[in-house]
$ cat query_36.cif   # mmCIF, C-alpha atoms
data_structure
loop_
_atom_site.label_atom_id
_atom_site.label_comp_id
_atom_site.auth_asym_id
_atom_site.auth_seq_id
_atom_site.Cartn_x
_atom_site.Cartn_y
_atom_site.Cartn_z
CA MET E 1 18.38 -22.82 0.16
CA LEU E 2 17.12 -22.75 -3.42
CA PHE E 3 20.28 -22.75 -5.54
CA LYS E 4 24.03 -22.24 -5.29
CA GLY E 5 27.03 -21.66 -7.47
CA LEU E 6 25.22 -19.24 -9.78
CA SER E 7 27.31 -16.67 -11.63
CA LEU E 8 26.12 -14.24 -14.32
CA THR E 9 27.60 -11.13 -15.93
CA LEU E 10 25.67 -9.03 -18.46
CA GLN E 11 26.46 -5.84 -20.37
CA GLY E 12 24.24 -3.34 -22.16
CA GLY E 13 22.27 -5.04 -24.93
CA ASP E 14 22.70 -8.47 -23.38
CA ALA E 15 19.95 -10.82 -22.31
CA ALA E 16 19.74 -13.81 -20.02
CA TYR E 17 17.18 -16.56 -20.18
CA VAL E 18 16.52 -18.32 -16.89
CA ALA E 19 15.16 -21.81 -17.37
CA GLY E 20 14.25 -24.55 -14.98
CA PRO E 21 11.30 -26.57 -13.70
CA ASN E 22 8.54 -25.03 -11.58
CA GLY E 23 9.44 -24.12 -8.01
CA VAL E 24 13.20 -24.26 -8.57
CA GLY E 25 13.62 -20.57 -7.75
CA LYS E 26 13.39 -18.64 -11.03
CA SER E 27 11.15 -15.96 -9.52
CA SER E 28 13.29 -15.85 -6.37
CA LEU E 29 16.38 -15.23 -8.51
CA LEU E 30 14.65 -12.25 -10.15
CA ARG E 31 13.51 -10.91 -6.75
CA LEU E 32 17.09 -11.36 -5.52
CA ILE E 33 18.43 -9.31 -8.44
CA ALA E 34 15.73 -6.69 -7.83
CA GLY E 35 16.89 -6.36 -4.22
CA LEU E 36 13.65 -7.63 -2.67
CA LEU E 37 15.40 -10.66 -1.18
CA GLU E 38 18.82 -10.89 0.43
CA PRO E 39 21.15 -13.61 -0.86
CA PHE E 40 22.24 -16.10 1.80
CA ALA E 41 25.75 -15.89 0.35
CA GLY E 42 27.21 -13.93 -2.54
CA SER E 43 26.29 -10.55 -3.97
CA VAL E 44 24.45 -8.75 -6.75
CA ALA E 45 26.07 -5.68 -8.36
CA LEU E 46 24.01 -3.51 -10.70
CA SER E 47 24.50 -0.22 -12.48
CA GLY E 48 21.35 1.43 -13.80
CA ARG E 49 17.72 1.35 -12.78
CA VAL E 50 15.80 -1.91 -12.48
CA ALA E 51 12.20 -2.69 -13.43
CA LEU E 52 10.55 -5.84 -12.14
CA ALA E 53 7.68 -7.36 -14.11
CA ASP E 54 6.44 -10.23 -11.97
CA GLN E 55 3.06 -11.90 -11.61
CA GLU E 56 1.62 -9.00 -9.62
CA LEU E 57 -0.16 -6.24 -11.50
CA ALA E 58 0.45 -3.42 -8.94
CA LEU E 59 -2.19 -1.24 -10.59
CA ASP E 60 -5.24 0.27 -8.86
CA ALA E 61 -8.10 -1.96 -9.96
CA ARG E 62 -10.73 0.79 -9.98
CA LEU E 63 -8.76 3.32 -12.00
CA PRO E 64 -8.70 3.53 -15.81
CA LEU E 65 -5.65 1.76 -17.21
CA ALA E 66 -3.88 4.92 -18.41
CA LYS E 67 -4.31 6.66 -15.02
CA ALA E 68 -3.18 3.58 -13.08
CA LEU E 69 -0.06 3.31 -15.25
CA GLY E 70 0.35 7.07 -14.98
CA PHE E 71 0.99 6.78 -11.23
CA TRP E 72 4.12 4.69 -11.86
CA ALA E 73 5.15 6.69 -14.93
CA GLY E 74 4.84 9.83 -12.80
CA LEU E 75 7.21 8.39 -10.18
CA ASP E 76 9.67 7.23 -12.85
CA GLY E 77 9.44 10.34 -15.00
CA GLY E 78 8.25 8.38 -18.05
CA THR E 79 5.21 8.54 -20.30
CA VAL E 80 2.39 6.05 -20.76
CA ASP E 81 1.12 6.60 -24.31
CA ALA E 82 4.01 5.09 -26.25
CA ALA E 83 4.15 2.06 -23.95
CA LEU E 84 0.40 1.44 -24.29
CA ALA E 85 0.67 1.64 -28.08
CA ALA E 86 3.60 -0.78 -28.12
CA VAL E 87 1.58 -3.49 -26.36
CA ALA E 88 -1.60 -2.63 -28.35
CA LEU E 89 -3.59 -1.54 -25.29
CA ASP E 90 -4.08 2.08 -26.35
CA HIS E 91 -7.74 1.45 -27.19
CA LEU E 92 -8.30 0.27 -23.58
CA ALA E 93 -6.68 3.30 -21.92
CA ALA E 94 -9.99 4.48 -20.43
CA VAL E 95 -11.12 1.02 -19.26
CA PRO E 96 -10.87 0.20 -15.52
CA VAL E 97 -8.03 -2.19 -14.70
CA ARG E 98 -10.31 -4.67 -12.92
CA ILE E 99 -12.12 -5.75 -16.10
CA LEU E 100 -8.96 -6.50 -18.11
CA SER E 101 -8.41 -10.14 -19.15
CA THR E 102 -5.40 -12.25 -18.15
CA GLY E 103 -3.47 -11.53 -21.32
CA GLN E 104 -4.32 -7.85 -21.19
CA ARG E 105 -3.07 -7.68 -17.59
CA LYS E 106 0.19 -9.28 -18.65
CA ARG E 107 0.54 -6.69 -21.40
CA ALA E 108 -0.28 -3.92 -18.90
CA VAL E 109 2.62 -5.15 -16.73
CA LEU E 110 4.86 -4.97 -19.79
CA ALA E 111 3.63 -1.43 -20.48
CA ARG E 112 4.41 -0.48 -16.85
CA THR E 113 7.92 -1.87 -17.30
CA MET E 114 8.43 0.01 -20.59
CA ALA E 115 7.10 3.30 -19.19
CA SER E 116 9.53 3.08 -16.25
CA GLY E 117 12.43 3.84 -18.58
CA ALA E 118 14.59 1.46 -16.54
CA ASP E 119 17.78 -0.02 -17.99
CA ILE E 120 17.47 -3.53 -16.61
CA TRP E 121 14.21 -5.43 -17.12
CA LEU E 122 13.47 -8.45 -14.96
CA LEU E 123 10.66 -10.34 -16.67
CA ASP E 124 8.97 -13.22 -14.83
CA GLU E 125 7.07 -15.47 -17.26
CA PRO E 126 6.43 -12.58 -19.68
CA GLY E 127 4.75 -14.83 -22.25
CA ASN E 128 2.14 -16.35 -19.91
CA GLY E 129 -1.40 -15.99 -21.22
CA LEU E 130 -0.38 -14.10 -24.36
CA ASP E 131 -1.77 -14.96 -27.80
CA THR E 132 0.45 -15.27 -30.89
CA ALA E 133 0.11 -11.62 -31.91
CA SER E 134 0.91 -10.42 -28.38
CA LEU E 135 3.93 -12.76 -28.19
CA GLY E 136 5.19 -11.12 -31.39
CA ARG E 137 4.78 -7.69 -29.80
CA LEU E 138 6.58 -8.88 -26.64
CA ASN E 139 9.52 -10.08 -28.73
CA ALA E 140 9.59 -6.78 -30.66
CA VAL E 141 9.50 -4.75 -27.42
CA MET E 142 12.32 -6.83 -25.92
CA ALA E 143 14.43 -6.50 -29.09
CA ALA E 144 13.90 -2.72 -29.14
CA HIS E 145 14.95 -2.45 -25.49
CA ARG E 146 18.17 -4.40 -26.16
CA ALA E 147 18.87 -2.34 -29.28
CA LYS E 148 18.80 0.77 -27.06
CA GLY E 149 21.42 -0.80 -24.80
CA GLY E 150 19.07 -2.23 -22.18
CA ILE E 151 19.49 -5.53 -20.37
CA ILE E 152 16.79 -8.20 -20.11
CA ILE E 153 16.73 -11.08 -17.67
CA ALA E 154 13.72 -13.28 -18.40
CA ALA E 155 12.54 -16.32 -16.49
CA SER E 156 10.19 -18.51 -18.43
CA HIS E 157 9.30 -22.11 -19.13
CA GLN E 158 8.16 -21.11 -22.63
CA PRO E 159 10.63 -20.45 -25.43
CA LEU E 160 11.17 -16.71 -25.93
CA ASP E 161 12.74 -15.01 -28.91
CA LEU E 162 15.91 -13.64 -27.29
CA PRO E 163 18.72 -13.99 -29.86
CA GLY E 164 22.11 -14.51 -28.28
CA ALA E 165 20.72 -14.76 -24.76
CA VAL E 166 22.88 -16.28 -22.04
CA GLY E 167 21.23 -19.42 -20.77
CA VAL E 168 20.96 -19.75 -16.99
CA ALA E 169 19.99 -23.20 -15.83
CA ILE E 170 19.09 -23.47 -12.17
CA ASP E 171 19.72 -26.80 -10.52
CA ALA E 172 18.08 -27.55 -7.23
CA ALA E 173 20.50 -27.21 -4.31
CA GLN E 174 21.65 -30.42 -2.71
CA MET O 1 8.97 15.27 -1.47
CA LYS O 2 7.20 14.90 -4.82
CA LEU O 3 7.23 11.15 -4.29
CA PHE O 4 5.84 11.53 -0.76
CA SER O 5 2.95 13.73 -1.89
CA ALA O 6 2.23 11.38 -4.81
CA LEU O 7 1.91 8.46 -2.37
CA ILE O 8 -0.37 10.46 -0.05
CA LEU O 9 -2.57 11.64 -2.93
CA ARG O 10 -2.91 8.11 -4.31
CA ASP O 11 -4.03 6.76 -0.91
CA LEU O 12 -6.36 9.70 -0.28
CA ARG O 13 -7.99 9.27 -3.68
CA SER O 14 -8.59 5.56 -3.16
CA ALA O 15 -9.91 6.18 0.38
CA LEU O 16 -12.28 8.94 -0.70
CA SER O 17 -13.58 6.96 -3.68
CA GLY O 18 -14.16 3.82 -1.61
CA GLY O 19 -15.93 4.19 1.69
CA ALA O 20 -14.37 7.09 3.59
CA TRP O 21 -17.89 7.82 4.84
CA LEU O 22 -18.01 4.46 6.66
CA PRO O 23 -16.22 5.49 9.91
CA VAL O 24 -18.16 8.76 10.03
CA ALA O 25 -21.48 6.98 9.48
CA PHE O 26 -20.58 4.54 12.27
CA PHE O 27 -19.68 7.42 14.59
CA LEU O 28 -22.97 9.21 13.94
CA LEU O 29 -24.94 5.98 14.28
CA VAL O 30 -23.52 5.43 17.77
CA ALA O 31 -24.54 8.97 18.72
CA ILE O 32 -28.06 8.25 17.43
CA LEU O 33 -28.40 4.81 19.06
CA PHE O 34 -26.98 5.64 22.49
CA PRO O 35 -29.94 7.83 23.60
CA PHE O 36 -32.28 5.01 22.55
CA GLY O 37 -30.32 2.64 24.76
CA VAL O 38 -30.14 4.70 27.98
CA GLY O 39 -33.37 6.63 27.65
CA PRO O 40 -34.14 10.32 27.19
CA ASP O 41 -32.60 11.47 30.47
CA GLY O 42 -30.89 14.72 29.46
CA ALA O 43 -28.64 15.01 32.49
CA LEU O 44 -27.35 11.46 32.08
CA LEU O 45 -26.64 12.03 28.38
CA THR O 46 -24.77 15.25 29.11
CA ARG O 47 -22.65 13.50 31.74
CA THR O 48 -21.76 10.41 29.67
CA GLY O 49 -22.03 11.67 26.09
CA GLY O 50 -18.44 12.88 25.73
CA GLY O 51 -16.99 9.54 26.78
CA VAL O 52 -19.37 7.71 24.46
CA LEU O 53 -18.19 9.82 21.53
CA TRP O 54 -14.57 9.01 22.37
CA VAL O 55 -15.32 5.27 22.36
CA ALA O 56 -17.21 5.71 19.08
CA ALA O 57 -14.25 7.58 17.55
CA LEU O 58 -11.90 4.79 18.63
CA LEU O 59 -14.09 2.06 17.12
CA ALA O 60 -14.70 4.12 13.97
CA ALA O 61 -10.93 4.36 13.44
CA LEU O 62 -10.81 0.54 13.50
CA LEU O 63 -13.24 0.06 10.61
CA PRO O 64 -10.96 0.75 7.61
CA VAL O 65 -7.94 -1.08 9.04
CA ASP O 66 -8.19 -4.15 6.78
CA ARG O 67 -8.14 -1.97 3.64
CA LEU O 68 -5.17 0.18 4.66
CA ILE O 69 -2.12 -1.95 3.96
CA ALA O 70 -3.08 -5.45 2.82
CA PRO O 71 -4.40 -4.59 -0.71
CA ASP O 72 -1.15 -2.82 -1.67
CA ALA O 73 0.95 -5.66 -0.29
CA GLU O 74 -1.08 -8.28 -2.16
CA THR O 75 -1.09 -6.52 -5.53
CA GLY O 76 2.67 -5.95 -5.43
CA VAL O 77 2.60 -2.17 -5.04
CA PHE O 78 5.06 -2.31 -2.12
CA ASP O 79 7.43 -4.51 -4.16
CA GLN O 80 7.32 -2.07 -7.06
CA LEU O 81 8.05 0.84 -4.71
CA ALA O 82 10.91 -1.11 -3.11
CA VAL O 83 12.45 -1.81 -6.55
CA ARG O 84 12.38 1.95 -7.09
CA GLY O 85 14.29 2.46 -3.86
CA VAL O 86 11.42 3.88 -1.79
CA SER O 87 11.90 3.00 1.88
CA GLU O 88 9.10 1.20 3.71
CA GLU O 89 9.22 3.84 6.45
CA LEU O 90 8.31 6.51 3.90
CA ILE O 91 5.46 4.37 2.54
CA VAL O 92 4.01 3.83 6.03
CA ALA O 93 4.36 7.53 6.91
CA ALA O 94 2.43 8.42 3.74
CA LYS O 95 -0.22 5.80 4.54
CA PHE O 96 -0.60 7.23 8.04
CA ILE O 97 -1.02 10.82 6.86
CA ALA O 98 -3.50 9.83 4.14
CA HIS O 99 -5.45 7.69 6.63
CA TRP O 100 -5.74 10.59 9.07
CA PHE O 101 -6.92 12.98 6.36
CA SER O 102 -9.52 10.48 5.21
CA PHE O 103 -11.25 10.17 8.60
CA GLY O 104 -9.91 12.71 11.14
CA PRO O 105 -11.39 15.96 9.77
CA LEU O 106 -14.68 14.23 8.83
CA LEU O 107 -14.95 12.82 12.36
CA MET O 108 -14.40 16.27 13.87
CA LEU O 109 -17.15 17.62 11.62
CA ALA O 110 -19.49 14.78 12.57
CA ALA O 111 -18.83 15.47 16.27
CA ILE O 112 -20.90 18.66 15.99
CA PRO O 113 -24.27 16.98 15.21
CA ALA O 114 -23.29 14.07 17.49
CA ALA O 115 -22.79 16.51 20.38
CA GLY O 116 -26.27 17.89 19.71
CA LEU O 117 -27.78 14.40 19.82
CA LEU O 118 -26.11 13.69 23.17
CA ARG O 119 -26.97 17.09 24.67
CA LEU O 120 -23.36 18.12 25.17
CA GLU O 121 -22.76 21.73 26.18
CA GLY O 122 -20.86 24.14 23.99
CA THR O 123 -17.77 24.15 26.21
CA THR O 124 -17.69 20.34 26.24
CA LEU O 125 -17.95 20.28 22.45
CA VAL O 126 -14.98 22.65 22.15
CA LYS O 127 -12.95 20.42 24.49
CA LEU O 128 -14.03 17.35 22.53
CA GLU O 129 -12.96 18.90 19.22
CA ILE O 130 -9.55 19.90 20.63
CA GLY O 131 -9.15 16.40 22.05
CA LEU O 132 -10.10 14.79 18.73
CA LEU O 133 -7.66 17.05 16.87
CA ILE O 134 -4.87 15.85 19.15
CA GLY O 135 -6.02 12.24 19.54
CA THR O 136 -7.15 11.18 16.05
CA PRO O 137 -3.60 11.25 14.61
CA GLY O 138 -2.70 8.75 17.33
CA LEU O 139 -5.70 6.59 16.40
CA ALA O 140 -4.73 6.75 12.71
CA ALA O 141 -1.14 5.80 13.51
CA LEU O 142 -2.32 2.90 15.64
CA GLY O 143 -4.59 1.62 12.85
CA VAL O 144 -1.80 1.74 10.26
CA MET O 145 0.64 0.05 12.64
CA ALA O 146 -1.82 -2.74 13.48
CA ALA O 147 -2.54 -3.27 9.77
CA CYS O 148 1.20 -3.57 9.04
CA LEU O 149 1.84 -5.95 11.93
CA THR O 150 -0.95 -8.33 10.90
CA LEU O 151 0.12 -8.35 7.24
CA GLY O 152 -0.13 -11.80 5.69
CA LEU O 153 -2.06 -13.33 8.58
CA ARG O 154 -5.46 -14.89 8.18
CA ARG O 155 -8.38 -12.80 9.46
CA ALA O 156 -5.94 -9.93 9.76
CA GLY O 157 -8.78 -7.39 10.10
CA SER O 158 -10.19 -8.76 13.34
CA LEU O 159 -6.74 -9.52 14.69
CA ALA O 160 -5.68 -5.93 14.03
CA GLY O 161 -8.64 -4.79 16.09
CA LEU O 162 -7.66 -6.98 19.02
CA LEU O 163 -4.09 -5.71 18.78
CA MET O 164 -5.10 -2.08 18.52
CA LEU O 165 -7.75 -1.73 21.23
CA PRO O 166 -5.52 -2.25 24.31
CA LEU O 167 -2.90 0.10 22.88
CA ALA O 168 -5.60 2.75 22.40
CA VAL O 169 -6.53 2.77 26.10
CA PRO O 170 -4.24 5.74 26.98
CA LEU O 171 -5.77 7.80 24.19
CA LEU O 172 -9.25 6.96 25.47
CA ILE O 173 -8.45 7.71 29.12
CA PHE O 174 -6.75 11.03 28.48
CA GLY O 175 -9.17 12.02 25.70
CA ALA O 176 -12.29 11.38 27.73
CA GLY O 177 -10.55 12.69 30.87
CA SER O 178 -9.84 16.03 29.21
CA LEU O 179 -13.61 16.62 28.99
CA ALA O 180 -14.08 16.52 32.77
CA LEU O 181 -10.90 18.19 33.98
CA VAL O 182 -10.53 21.95 34.04
CA SER O 183 -6.73 21.92 33.94
CA GLY O 184 -4.99 21.03 30.69
CA SER O 185 -2.99 18.11 32.09
CA ALA O 186 -5.15 15.44 30.42
CA LEU O 187 -4.72 17.15 27.05
CA SER O 188 -0.95 17.24 27.53
CA LEU O 189 -0.88 13.52 28.28
CA LEU O 190 -3.20 12.85 25.31
CA GLY O 191 -0.76 14.76 23.13
CA ALA O 192 2.17 12.78 24.51
CA ALA O 193 0.46 9.42 23.88
CA SER O 194 -0.62 10.47 20.39
CA LEU O 195 2.81 11.83 19.49
CA PHE O 196 4.49 8.63 20.68
CA LEU O 197 2.25 6.50 18.44
CA CYS O 198 2.79 8.82 15.47
CA ALA O 199 6.55 8.68 15.96
CA ILE O 200 6.96 4.90 16.19
CA THR O 201 4.43 3.91 13.49
CA PRO O 202 6.63 4.48 10.40
CA PHE O 203 9.47 2.42 11.89
CA ALA O 204 7.36 -0.40 13.35
CA GLY O 205 5.20 -0.59 10.22
CA GLY O 206 8.15 -0.41 7.84
CA ALA O 207 9.92 -3.25 9.63
CA ALA O 208 6.71 -5.31 9.57
CA ILE O 209 6.28 -4.85 5.80
CA ARG O 210 9.89 -5.86 5.17
CA SER O 211 9.62 -8.98 7.28
CA ALA O 212 6.31 -9.94 5.61
CA ARG O 213 8.17 -9.98 2.26
CA GLU O 214 10.51 -12.83 3.24
#
$ encode --input "query_36.cif" --output "structure tokens"
Amino acid sequence: MLFKGLSLTLQGGDAAYVAGPNGVGKSSLLRLIAGLLEPFAGSVALSGRVALADQELALDARLPLAKALGFWAGLDGGTVDAALAAVALDHLAAVPVRILSTGQRKRAVLARTMASGADIWLLDEPGNGLDTASLGRLNAVMAAHRAKGGIIIAASHQPLDLPGAVGVAIDAAQ
Amino acid sequence: MKLFSALILRDLRSALSGGAWLPVAFFLLVAILFPFGVGPDGALLTRTGGGVLWVAALLAALLPVDRLIAPDAETGVFDQLAVRGVSEELIVAAKFIAHWFSFGPLLMLAAIPAAGLLRLEGTTLVKLEIGLLIGTPGLAALGVMAACLTLGLRRAGSLAGLLMLPLAVPLLIFGAGSLALVSGSALSLLGAASLFLCAITPFAGGAAIRSARE
């Protein structure tokens, strides 16, 4: 068991910031909310679509970035161009995914999350590997999503600019 | 349905851009090498050639197994699909159909020059093609199922081969048997074995992907 006694309620426009040391179960909490793991006890109730932005890229490495993102946008009924512009990757749209750098991959994951049009974003370490300018864009994207009534649950060991976010501290289970 | 065809198209595109010719090249290579091994005895080649092509088809279906499922599981594609509410059974069914399209028709095409190399008669070639049409979906299903079951294990590729070969024995027996028999009973049994594998693969594979996620 990773943690117990966790309770969290969020409404449209809200955000939660999950903090805690490495290995305490921040990613597992996000996977639990996404429905990829079953809770041992308790339940998760959601209304609206969920987008998970974890450490995995989930893009075809050989395809150009815009086409690889287009596969997911096609499933979700969203569009890629605006999302690519928001994370400043529009100039790399024709570049194969496999030659992107760490920070660019992280931004591509954010673009995939934006293009999904989902209401609830689950962001796992969204600021990892980002430079100062990209961190600013991440904060702007997150603020815009909340302004539209979206929910953000972010797990990170770095400080993120999430004004009014509910703090979730995970303590290791006994 | 749009989702299902999108999944199939994605897999087909990645298979055709990355080594779909490999099983077919292997199949043809066996047909070229076998006469070198047993000598230029035409009668012997005619008698054994059909069975050899069936074994070659079985082994050729094994080649792409390590690229079928594992890359998508490792890069998080299955997780992303699951978050979107796509069932694992649907994913595996799409994988199976795309896998068959990427090697089944090409193998049937390659069987024509291979039959020439092994001095098969025209009637035997027709029987072989009918058998391959019925049997290759079973081989494709078996490959996808083995790839799902070995997900997350080390040396999954070779292990999948070991898992798959014994289960492919009925396909081989009835497929090669249909070449010799005049009655259609071997083809019926080949169809039954192939249909059984096609039917259980989405469920067995889907359960394997879910349990690999834990």
$ interface_residues --input "query_36.cif" --of "chain O" --to "chain E" --cutoff "7 Å" --atoms "all atoms listed in the file" --output "mmCIF file with C-alpha atoms, keeping the file's coordinate frame"
data_model
loop_
_atom_site.group_PDB
_atom_site.id
_atom_site.type_symbol
_atom_site.label_atom_id
_atom_site.label_comp_id
_atom_site.auth_asym_id
_atom_site.auth_seq_id
_atom_site.Cartn_x
_atom_site.Cartn_y
_atom_site.Cartn_z
ATOM 1 C CA LEU O 3 7.230 11.150 -4.290
ATOM 2 C CA THR O 75 -1.090 -6.520 -5.530
ATOM 3 C CA GLY O 76 2.670 -5.950 -5.430
ATOM 4 C CA VAL O 77 2.600 -2.170 -5.040
ATOM 5 C CA VAL O 83 12.450 -1.810 -6.550
ATOM 6 C CA GLU O 214 10.510 -12.830 3.240
#
$ resolve_selection --input "query_36.cif" --expression "the PyMOL selection byres ((chain O and resi 89-97) around 9)" --output "MDAnalysis selection string"
chainID O and resid 4:5 7:9 11:12 68:69 78 81 86:88 98:102 137 140:145 148 198 201:207 209
$ residues_around --input "query_36.cif" --residues "Ile32 of chain O" --least-positions-apart "3" --cutoff "8 Å" --atoms "only C-alpha atoms" --output "tab-separated table (two decimals) with C-alpha atoms, keeping the file's coordinate frame"
chain	number	residue	atom	x	y	z
O	28	LEU	CA	-22.97	9.21	13.94
O	29	LEU	CA	-24.94	5.98	14.28
O	35	PRO	CA	-29.94	7.83	23.60
O	36	PHE	CA	-32.28	5.01	22.55
O	114	ALA	CA	-23.29	14.07	17.49
O	117	LEU	CA	-27.78	14.40	19.82
$ axis_aligned_box --input "query_36.cif" --around "segment 10-19 of chain E" --padding-each-side "6 Å" --output "JSON"
{"center_x": 20.8, "center_y": -12.6, "center_z": -20.9, "size_x": 23.3, "size_y": 30.5, "size_z": 20.0}
$ closest_residue --input "query_36.cif" --among "O:Pro105, O:Gly152, O:Gly157, O:Gly191" --to "Gly138 of chain O" --atoms "all atoms listed in the file"
O:Gly191
$ resolve_selection --input "query_36.cif" --expression "the PyMOL selection byres ((chain E and resi 45) around 10)" --output "CSV table (one decimal) with C-alpha atoms, in the frame of the given file"
chain,number,residue,atom,x,y,z
E,9,THR,CA,27.6,-11.1,-15.9
E,33,ILE,CA,18.4,-9.3,-8.4
E,43,SER,CA,26.3,-10.6,-4.0
E,44,VAL,CA,24.4,-8.8,-6.8
E,46,LEU,CA,24.0,-3.5,-10.7
E,47,SER,CA,24.5,-0.2,-12.5
$ resolve_selection --input "query_36.cif" --expression "the PyMOL selection byres ((chain E and resi 121) around 10)" --output "MDAnalysis selection string"
chainID E and resid 15 30 34 49:53 110 113:114 116:120 122:124 142 145:146 150:154
$ closest_residue --input "query_36.cif" --among "O:Leu163, O:Ala15, O:Val55, O:Ala20" --to "Leu132 of chain O" --atoms "only C-alpha atoms"
O:Val55
$ residues_around --input "query_36.cif" --residues "Leu84 of chain E" --least-positions-apart "4" --cutoff "12 Å" --atoms "all atoms listed in the file" --output "mmCIF file with C-alpha atoms, in the coordinates of the input"
data_model
loop_
_atom_site.group_PDB
_atom_site.id
_atom_site.type_symbol
_atom_site.label_atom_id
_atom_site.label_comp_id
_atom_site.auth_asym_id
_atom_site.auth_seq_id
_atom_site.Cartn_x
_atom_site.Cartn_y
_atom_site.Cartn_z
ATOM 1 C CA LEU E 65 -5.650 1.760 -17.210
ATOM 2 C CA ALA E 66 -3.880 4.920 -18.410
ATOM 3 C CA LYS E 67 -4.310 6.660 -15.020
ATOM 4 C CA ALA E 68 -3.180 3.580 -13.080
ATOM 5 C CA LEU E 69 -0.060 3.310 -15.250
ATOM 6 C CA GLY E 70 0.350 7.070 -14.980
ATOM 7 C CA ALA E 73 5.150 6.690 -14.930
ATOM 8 C CA THR E 79 5.210 8.540 -20.300
ATOM 9 C CA VAL E 80 2.390 6.050 -20.760
ATOM 10 C CA ALA E 88 -1.600 -2.630 -28.350
ATOM 11 C CA LEU E 89 -3.590 -1.540 -25.290
ATOM 12 C CA ASP E 90 -4.080 2.080 -26.350
ATOM 13 C CA HIS E 91 -7.740 1.450 -27.190
ATOM 14 C CA LEU E 92 -8.300 0.270 -23.580
ATOM 15 C CA ALA E 93 -6.680 3.300 -21.920
ATOM 16 C CA ALA E 94 -9.990 4.480 -20.430
ATOM 17 C CA GLN E 104 -4.320 -7.850 -21.190
ATOM 18 C CA ARG E 105 -3.070 -7.680 -17.590
ATOM 19 C CA ARG E 107 0.540 -6.690 -21.400
ATOM 20 C CA ALA E 108 -0.280 -3.920 -18.900
ATOM 21 C CA VAL E 109 2.620 -5.150 -16.730
ATOM 22 C CA LEU E 110 4.860 -4.970 -19.790
ATOM 23 C CA ALA E 111 3.630 -1.430 -20.480
ATOM 24 C CA ARG E 112 4.410 -0.480 -16.850
ATOM 25 C CA THR E 113 7.920 -1.870 -17.300
ATOM 26 C CA MET E 114 8.430 0.010 -20.590
ATOM 27 C CA ALA E 115 7.100 3.300 -19.190
ATOM 28 C CA ARG E 137 4.780 -7.690 -29.800
ATOM 29 C CA VAL E 141 9.500 -4.750 -27.420
#
$ atom_distance --input "query_36.cif" --atom1 "atom CA of Leu120 of chain O" --atom2 "atom CA of Ala176 of chain O"
13.2 Å
$ closest_residue --input "query_36.cif" --among "O:Trp54, O:Leu16, O:Leu118, O:Arg67" --to "Leu33 of chain O" --atoms "all atoms listed in the file"
O:Leu118
$ closest_residue --input "query_36.cif" --among "O:Gly104, O:Gly184, O:Pro170, O:Gly18" --to "Phe196 of chain O" --atoms "only C-alpha atoms"
O:Pro170
$ closest_residue --input "query_36.cif" --among "O:Ser211, O:Glu129, O:Ala6, O:Leu165" --to "Leu149 of chain O" --atoms "only C-alpha atoms"
O:Ser211
$ residues_around --input "query_36.cif" --residues "segment 171-175 of chain O" --least-positions-apart "2" --cutoff "9 Å" --atoms "all atoms listed in the file" --output "PyMOL selection string"
chain O and resi 51+54-55+58+128+131-132+134-136+138-139+167-169+177-179+185-191+193-194
$ atom_distance --input "query_36.cif" --atom1 "atom CA of Gly42 of chain O" --atom2 "atom CA of Ala111 of chain O"
17.9 Å
$ atom_distance --input "query_36.cif" --atom1 "atom CA of Ala19 of chain E" --atom2 "atom CA of Asp171 of chain E"
9.6 Å
